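Asker: Have a look at this one before I ask anything.
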2 protein chains.
Amino acid sequence: MTKSESKRSGVSAGKCASAASAAEQVNNGSFDVGFPEPSPAAKAKVLKQTSKESLYRRNAECEVYDDGTNTFFWRAHTLTVLFILTCALVYVTLLEETPQDTAYNAKRGIVASILVFLCFGVTQAKDGPFTRPHPAYWRFWLCVSVVYELFLIFILFQTVHDGRQFMKYIDPKLGVALPERDYGGNCLIYDPGNATDPFHNLWDKMDGFVPAHFLGWYIKTLMIRDWWMCMIISVMFEFLEYSLEHQLPNFSECWWDHWIMDVLVCNGLGIYCGMKTLAWLSMKPYQWQGLWNIPTYKGKIKRIAFQFTPYSWAKFEWRPASDLRRWLAVLGIIFMFLLAELNTFYLKFVLWMPPEHYLVLLRLVFFVNVGGVAMREIYDFMDDPKFHKKLGQQAWLASAITVTEFLIVVKYDPHTLMLPIPFSVMQCWFLGIFLILIWTLWRFFIRDITLRYKETRRRKQETPVDWDRQLGNGSPGAAGAAGAAAAVGVAGAAAAAGAAAAAGAASGRSKLNGSSDTLRQRKS
Amino acid sequence: MTKSESKRSGVSAGKCASAASAAEQVNNGSFDVGFPEPSPAAKAKVLKQTSKESLYRRNAECEVYDDGTNTFFWRAHTLTVLFILTCALVYVTLLEETPQDTAYNAKRGIVASILVFLCFGVTQAKDGPFTRPHPAYWRFWLCVSVVYELFLIFILFQTVHDGRQFMKYIDPKLGVALPERDYGGNCLIYDPGNATDPFHNLWDKMDGFVPAHFLGWYIKTLMIRDWWMCMIISVMFEFLEYSLEHQLPNFSECWWDHWIMDVLVCNGLGIYCGMKTLAWLSMKPYQWQGLWNIPTYKGKIKRIAFQFTPYSWAKFEWRPASDLRRWLAVLGIIFMFLLAELNTFYLKFVLWMPPEHYLVLLRLVFFVNVGGVAMREIYDFMDDPKFHKKLGQQAWLASAITVTEFLIVVKYDPHTLMLPIPFSVMQCWFLGIFLILIWTLWRFFIRDITLRYKETRRRKQETPVDWDRQLGNGSPGAAGAAGAAAAVGVAGAAAAAGAAAAAGAASGRSKLNGSSDTLRQRKS
């Protein structure tokens with residue numbers, strides 16, 4: 001890249017960023033002042049700018065800003081990788097003696113195939129939404145997802161016995177049935193029967209899972225980026241543990257382990273720290289200077305450290321109650337999230353993996369790296385006004401992996417999954433599902449009809465002049481009126497949500513709705 | 001996509017196309033008239049428009065033009081595919097009885113993994129340069145390349161015996177040593193010894209390989225898109241057959257089989273038809289209307305047929321002599337092409353595949369689909385002013401596959417490859433390589449020095465005024481002068497080449513150079 005070109009690209013990136021922030025200011029300005037009925041033209045401008053902004057956000061994260069100082073760092077090095085790969089293959093296959101052990105060669109061939117696939121994928125796979133610390137990092141995890149999914153598919157097609165024994169190829173210590181550790185038993189926090197250490201029950205629970213829970217929820221908060229959704233998933237999981245303790249004994253915990261240790265202390269603290277980090281990330285300036293342009297030594301160190309923070313930041317506004325599609329999507333995400341969490345325990349159980357095995361840990365590390373990208377891609381998919389956008393590749397794979405893991409669990413141990421659920425638990429679940437169903441019906445069907453009825457009555461009282469214009473303005477009066485184009489509706493909702501957040505008026509309820517009801521889109 | 005959006009995109013695409021053609025007109029206009037020294041401003045404008053045009057070309061082939069009538073057809077259907085995949089997995093794994101045969105299950109698991117990989121790849125892999133008949137078609141072949149490359153890597157890591165026996169898993173009839181068919185023998189076209197049919201030698205050669213050669217070269221011409229390169233590769237391959245007939249007996253053919261049947265009749269005719277098709281493709285208007293917008297029935301049929309022609313057309317101007325990098329690249333392409341052709345024969349030989357086996361045919365079908373994309377990506381890589389562009393994924397894989405196939409040949413039968421080459425053949429090859437080396441030295445090193453010396457002398461005679469401007473103009477006088485920025489040089493050369501072609505002044509020599517020497521780029 002020549003000097004002039006790099007200058008130009010730098011300038012244009014800067015211009016886009018300032019345009020985006022200008023658009024945000026316009027949003028804040030126009031919606032802050034208690035709905036003083038902005039003119040349709042101004043409104044249209046805001047919408048246009050907001051959609052431009054969201055477009056920009058997407059483009060900005062796809063294209064890495066390159067000020068010409070670290071171009072080498074950003075290059076994919078396709079030819080270099082191809083050359084090194086060729087050299088390695090030449091060395092291994094022509095200069096090394098091939099062993100005569102067929103099984104060993106087959107294993108080696110499979111490992112080599114996986115490595116070549118990673119070589120190809122890391123240099124050539126499609127980039128995802130994240131670019132920091134390097135796009136190749138995320139391409140690597142994408143390729144690992146593909147390999148993991150194919151491994152799961154292979155396991156899924158084996159008989160139960162073969163599948164469990166197949167794990168021996170990975171680690172000869174595997175493939176042996178394991179006893180389950182029971183976390184229940186004596187639930188007294190202060191146990192007067194034990195004179196030497198009456199708090200021994202408490203200390204018993206203080207194992208490696210406490211920091212693991214904390215760290216896990218810290219990362220999950222960074223993925224989901226929403227306090228409410230995190231809390232719901234955290235509490236729901238404890239309910240699931242209660243409901244499934246007749247299947248997996250290690251789900252049975254003391255009441256204070258469930259609610260105080262897990263939900264309040266570990267998860268709660270994790271979510272709290274995650275939210276603090278999110279706030280910092282969303283406030284932090286995203287101005288990236290090339291490493292060689294930074295004069296001081298300390299500045300360079302800081303820049304290198306910041307390479308591990310995101311390139312730019314998108315605040316997630318899930319707005320589950322804003323329309324039926326989003327509501328179902330959020331329910332789906334929570335469902336898949338909980339399923340993935342349950343898979344962690346069930347998969348260990350059916351594949352006879354000891355909980356402290358490194359494969360279990362690797363799977364978690366994998367999900368940490370993959371989950372963030374997948375969640376972002378799902379958010380982009382939901383938030384995109386263009387309906388026929390693709391679901392992101394990592395989200396696609398993460399869903400496929402979760403489903404395949406679950407199918408393995410079902411196939412390998414249908415007996416445990418079919419253990420009859422206690423009647424009281426069933427009652428609770430039916431009640432919950434019933435309530436969700438009722439709320440959905442009321443929120444997206446019945447409420448619409450009442451609102452529309454009120455609207456019609458109000459319309460009759462008013463003069464019918466200016467009706468169309470008010471509809472376009474999205475004034476509170478025009479709220480229930482249907483017929484706004486879906487694309488405009490989404491952009492408008494996003495703008496309003498931004499404004500509402502800026503005004504500090506975001507209560508829990510308005511968070512749910514995403515904005516006041518005024519701009520809610522509807523398919524007429 | 002809403003109505004208005006689709007309208008807008010349609011208009012913008014049309015505008016870009018017309019801008020591109022306008023740029024071409026400007027090029028033709030300014031360079032046609034015998035170099036009347038265009039003003040620097042006009043020149044700069046031309047350069048800018050040309051680079052814009054090439055940029056547009058690239059963008060246009062990446063983004064499919066969608067006039068809103070067949071949006072459904074273009075969608076990737078990520079969610080649909082995920083849903084169908086899930087249903088298939090649920091059915092196969094939970095409702096079907098798993099057989100107890102471990103080997104069968106392992107095979108089934110591998111096939112299922114490949115199918116899931118194809119599902120993922122066809123919906124989610126990165127798009128290449130081609131979009132017709134559907135981007136998913138080219139994504140499919142990309143994934144097939146990956147699977148094929150991984151298969152080759154696996155084979156490469158086995159012992160020779162195991163590798164040959166492994167083919168039995170694919171087809172139980174394989175894994176058996178085969179006799180080689182000798183194509184040499186009696187070389188009389190008119191054999192007076194055979195009274196019933198004196199031309200029997202001729203009819204003997206008229207087997208299925210004649211149409212195969214013709215079709216192969218027709219398709220290769222469409223890939224390479226250059227008469228000279230096709231002819232060179234075609235003649236070079238016959239030389240290779242002469243040189244290697246001591247290794248593979250089926251390379252030994254009669255002289256008239258080599259030069260008349262192969263080069264002239266089969267290959268020549270194929271190349272001729274290919275060039276005719278190329279001319280038609282480059283002249284044909286690329287105006288794509290949505291199927292539902294075409295009123296007549298006949299028009300609709302025609303439109304469906306045209307779906308199998310390219311979306312737009314890029315004429316390849318390889319210009320091997322324009323600079324050292326391009327020269328080496330073209331040499332590399334010819335080398336890889338010939339290597340891939342030789343692999344066809346050697347791979348059959350070392351893996352004991354009968355020539356008529358369906359896997360041999362499948363490999364050729366695979367290369368037909370992959371080669372075109374790879375060649376286009378290599379051309380784009382060479383032609384791109386931005387130096388750090390990635391080498392396309394399909395080109396990367398095609399190179400890796402060719403190298404891996406060759407390594408398999410070397411590993412599986414080093415004995416045949418090491419058979420001593422006849423001395424006369426060696427002499428010929430050394431002479432050829434020596435000539436190429438000499439030409440390279442003269443063309444890119446010595447000639448530069450003489451030109452630069454002449455330039456300096458001329459410069460001393462002239463007034464030193466306006467030197468820089470003339471350099472920018474690219475007048476014939478400023479030819480040998482170095483220092484023009486690389487990016488500008490490439491764009492200028494492309495523009496000049498287009499103009500030269502339009503003026504009908506493209507001799508073989510100027511084809512080689514790509515343009516007159518005037519605009520040749522050099523790294524000062």
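Ordering of the structure tokens sets the chain letters (A, B, ...); residue numbers start at 1 within each chain; ligands are numbered from 1 in the order shown.
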Would you mind listing, as a PyMOL selection string, all residues of chain B that have at least one atom within 8 Å of chain A, where only C-alpha atoms are what counts?
Answerer: chain B and resi 1+75-79+82+86+89-90+93-94+98-100+102+105-106+108-110+112-114+116-117+120+124-126+146+150-151+153-159+162+386-393+396-397+400+403-404+407+410-411
Asker: Please list as an MDAnalysis selection string every residue within 10 Å of range 360-374 of chain B, counting only C-alpha atoms and excluding residues in the same chain fewer than 5 positions away.
Answerer: chainID B and resid 128:130 137:138 141:142 144:145 148 216 219:225 337 340:341 344:345 347:348 353:355 379:380 391:399
Asker: Could you jot down the CA of Phe434 in chain A to CA of Trp259 in chain A separation for me, Å, one decimal place?
Answerer: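 So the two atoms, CA of Phe434 in chain A and CA of Trp259 in chain A, lie 24.6 Å apart.
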Asker: Quick one: everything within 6 Å of Trp217 in chain B, counting only C-alpha atoms, minus sequence neighbours fewer than 5 positions away in the same chain. Send it as a VMD selection string.
Answerer: chain B and resid 267 270 to 271
Asker: Selection from above, N, CA, C and O atoms, as a CSV table (one decimal), in the first residue's frame, can you write it?
Answerer:
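So the final result, stored in result-v7.csv, reads:
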chain,number,residue,atom,x,y,z
B,267,ASN,N,-6.5,-30.6,-29.6
B,267,ASN,CA,-6.3,-29.4,-28.8
B,267,ASN,C,-6.5,-28.2,-29.6
B,267,ASN,O,-7.2,-27.2,-29.1
B,270,GLY,N,-10.1,-27.5,-30.0
B,270,GLY,CA,-10.7,-27.1,-28.7
B,270,GLY,C,-10.3,-25.7,-28.4
B,270,GLY,O,-11.2,-24.9,-28.0
B,271,ILE,N,-9.1,-25.3,-28.6
B,271,ILE,CA,-8.7,-24.0,-28.3
B,271,ILE,C,-9.4,-23.0,-29.2
B,271,ILE,O,-9.9,-21.9,-28.8
Asker: Excluding Leu281 in chain B and its own-chain neighbours fewer than 5 positions away, which residues fall within 9 Å of it when counting only C-alpha atoms? Please give them as a list of chain:residue names.
Answerer: B:Lys276, B:Thr309, B:Pro310, B:Ser312, B:Trp313
Asker: From the set A:Met426, A:Leu441, A:Lys284, A:Lys460, which residue has the shortest atom-to-atom contact distance to Phe239 in chain A, counting only C-alpha atoms?
Answerer: A:Met426
Asker: Could you please write out, as a ChimeraX atom specification, every residue of range 349-384 of chain A that DSSP assigns to alpha helix (DSSP H)?
Answerer: /A:349-351,358-383
Asker: Can I get the selection written as a PDB file, in the first residue's frame, with N, CA and C atoms?
Answerer:
ATOM      1  N   PHE A 349     -21.505 -37.119  31.378  1.00  0.00           N
ATOM      2  CA  PHE A 349     -22.143 -38.295  31.962  1.00  0.00           C
ATOM      3  C   PHE A 349     -22.214 -39.451  30.960  1.00  0.00           C
ATOM      4  N   VAL A 350     -22.671 -39.171  29.716  1.00  0.00           N
ATOM      5  CA  VAL A 350     -22.892 -40.273  28.772  1.00  0.00           C
ATOM      6  C   VAL A 350     -21.591 -40.737  28.122  1.00  0.00           C
ATOM      7  N   LEU A 351     -20.613 -39.822  27.994  1.00  0.00           N
ATOM      8  CA  LEU A 351     -19.348 -40.240  27.362  1.00  0.00           C
ATOM      9  C   LEU A 351     -18.300 -40.672  28.388  1.00  0.00           C
ATOM     10  N   TYR A 358      -9.139 -32.826  30.835  1.00  0.00           N
ATOM     11  CA  TYR A 358      -8.800 -31.608  30.077  1.00  0.00           C
ATOM     12  C   TYR A 358      -9.741 -31.378  28.894  1.00  0.00           C
ATOM     13  N   LEU A 359     -10.380 -32.452  28.385  1.00  0.00           N
ATOM     14  CA  LEU A 359     -11.310 -32.263  27.265  1.00  0.00           C
ATOM     15  C   LEU A 359     -12.520 -31.445  27.698  1.00  0.00           C
ATOM     16  N   VAL A 360     -12.963 -31.652  28.942  1.00  0.00           N
ATOM     17  CA  VAL A 360     -14.092 -30.889  29.471  1.00  0.00           C
ATOM     18  C   VAL A 360     -13.718 -29.410  29.522  1.00  0.00           C
ATOM     19  N   LEU A 361     -12.527 -29.144  29.989  1.00  0.00           N
ATOM     20  CA  LEU A 361     -12.058 -27.764  30.069  1.00  0.00           C
ATOM     21  C   LEU A 361     -11.909 -27.160  28.669  1.00  0.00           C
ATOM     22  N   LEU A 362     -11.365 -27.961  27.760  1.00  0.00           N
ATOM     23  CA  LEU A 362     -11.176 -27.470  26.390  1.00  0.00           C
ATOM     24  C   LEU A 362     -12.508 -27.092  25.753  1.00  0.00           C
ATOM     25  N   ARG A 363     -13.525 -27.935  26.031  1.00  0.00           N
ATOM     26  CA  ARG A 363     -14.844 -27.634  25.484  1.00  0.00           C
ATOM     27  C   ARG A 363     -15.350 -26.291  26.003  1.00  0.00           C
ATOM     28  N   LEU A 364     -15.089 -26.000  27.277  1.00  0.00           N
ATOM     29  CA  LEU A 364     -15.540 -24.724  27.837  1.00  0.00           C
ATOM     30  C   LEU A 364     -14.773 -23.565  27.206  1.00  0.00           C
ATOM     31  N   VAL A 365     -13.438 -23.735  27.065  1.00  0.00           N
ATOM     32  CA  VAL A 365     -12.630 -22.701  26.415  1.00  0.00           C
ATOM     33  C   VAL A 365     -13.150 -22.456  25.002  1.00  0.00           C
ATOM     34  N   PHE A 366     -13.474 -23.556  24.332  1.00  0.00           N
ATOM     35  CA  PHE A 366     -14.031 -23.464  22.987  1.00  0.00           C
ATOM     36  C   PHE A 366     -15.309 -22.641  22.984  1.00  0.00           C
ATOM     37  N   PHE A 367     -16.223 -22.963  23.923  1.00  0.00           N
ATOM     38  CA  PHE A 367     -17.505 -22.253  23.937  1.00  0.00           C
ATOM     39  C   PHE A 367     -17.334 -20.783  24.305  1.00  0.00           C
ATOM     40  N   VAL A 368     -16.352 -20.488  25.147  1.00  0.00           N
ATOM     41  CA  VAL A 368     -16.103 -19.086  25.494  1.00  0.00           C
ATOM     42  C   VAL A 368     -15.741 -18.302  24.239  1.00  0.00           C
ATOM     43  N   ASN A 369     -14.883 -18.888  23.389  1.00  0.00           N
ATOM     44  CA  ASN A 369     -14.425 -18.183  22.204  1.00  0.00           C
ATOM     45  C   ASN A 369     -15.466 -18.136  21.109  1.00  0.00           C
ATOM     46  N   VAL A 370     -16.287 -19.177  21.070  1.00  0.00           N
ATOM     47  CA  VAL A 370     -17.252 -19.287  19.992  1.00  0.00           C
ATOM     48  C   VAL A 370     -18.546 -18.565  20.348  1.00  0.00           C
ATOM     49  N   GLY A 371     -18.904 -18.624  21.636  1.00  0.00           N
ATOM     50  CA  GLY A 371     -20.182 -18.071  22.073  1.00  0.00           C
ATOM     51  C   GLY A 371     -20.308 -16.581  21.826  1.00  0.00           C
ATOM     52  N   GLY A 372     -19.231 -15.851  22.074  1.00  0.00           N
ATOM     53  CA  GLY A 372     -19.280 -14.402  21.891  1.00  0.00           C
ATOM     54  C   GLY A 372     -19.572 -14.038  20.452  1.00  0.00           C
ATOM     55  N   VAL A 373     -18.882 -14.690  19.533  1.00  0.00           N
ATOM     56  CA  VAL A 373     -19.095 -14.416  18.110  1.00  0.00           C
ATOM     57  C   VAL A 373     -20.514 -14.807  17.718  1.00  0.00           C
ATOM     58  N   ALA A 374     -20.929 -15.997  18.174  1.00  0.00           N
ATOM     59  CA  ALA A 374     -22.256 -16.495  17.798  1.00  0.00           C
ATOM     60  C   ALA A 374     -23.335 -15.540  18.292  1.00  0.00           C
ATOM     61  N   MET A 375     -23.204 -15.080  19.551  1.00  0.00           N
ATOM     62  CA  MET A 375     -24.212 -14.190  20.118  1.00  0.00           C
ATOM     63  C   MET A 375     -24.272 -12.890  19.321  1.00  0.00           C
ATOM     64  N   ARG A 376     -23.111 -12.377  18.961  1.00  0.00           N
ATOM     65  CA  ARG A 376     -23.070 -11.140  18.188  1.00  0.00           C
ATOM     66  C   ARG A 376     -23.721 -11.333  16.822  1.00  0.00           C
ATOM     67  N   GLU A 377     -23.475 -12.490  16.219  1.00  0.00           N
ATOM     68  CA  GLU A 377     -24.049 -12.748  14.895  1.00  0.00           C
ATOM     69  C   GLU A 377     -25.563 -12.907  14.975  1.00  0.00           C
ATOM     70  N   ILE A 378     -26.025 -13.541  16.060  1.00  0.00           N
ATOM     71  CA  ILE A 378     -27.478 -13.666  16.225  1.00  0.00           C
ATOM     72  C   ILE A 378     -28.086 -12.289  16.422  1.00  0.00           C
ATOM     73  N   TYR A 379     -27.410 -11.466  17.215  1.00  0.00           N
ATOM     74  CA  TYR A 379     -27.926 -10.114  17.440  1.00  0.00           C
ATOM     75  C   TYR A 379     -27.992  -9.345  16.130  1.00  0.00           C
ATOM     76  N   ASP A 380     -26.919  -9.443  15.324  1.00  0.00           N
ATOM     77  CA  ASP A 380     -26.901  -8.754  14.034  1.00  0.00           C
ATOM     78  C   ASP A 380     -28.011  -9.278  13.126  1.00  0.00           C
ATOM     79  N   PHE A 381     -28.227 -10.576  13.177  1.00  0.00           N
ATOM     80  CA  PHE A 381     -29.265 -11.195  12.344  1.00  0.00           C
ATOM     81  C   PHE A 381     -30.637 -10.662  12.717  1.00  0.00           C
ATOM     82  N   MET A 382     -30.873 -10.561  14.048  1.00  0.00           N
ATOM     83  CA  MET A 382     -32.169 -10.055  14.499  1.00  0.00           C
ATOM     84  C   MET A 382     -32.325  -8.579  14.220  1.00  0.00           C
ATOM     85  N   ASP A 383     -31.215  -7.859  14.312  1.00  0.00           N
ATOM     86  CA  ASP A 383     -31.273  -6.404  14.281  1.00  0.00           C
ATOM     87  C   ASP A 383     -31.222  -5.868  12.869  1.00  0.00           C
TER      88      ASP A 383
END
Asker: To one decimal place in Å, what is the distance between CA of Glu245 in chain B and CA of Val263 in chain B?
Answerer: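 Separation between CA of Glu245 in chain B and CA of Val263 in chain B: 17.3 Å.
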Asker: Could you check which of B:Pro172, B:Pro179, B:Gly299, B:Pro192 is closest to Leu248 in chain B, using only C-alpha atoms?
Answerer: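 Under the stated criterion, the closest residue is B:Pro179.
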Asker: Please, what distance in Å, to one decimal, runs between CA of Phe214 in chain A and CA of Leu269 in chain A?
Answerer: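 Going from CA of Phe214 in chain A over to CA of Leu269 in chain A covers 6.7 Å.
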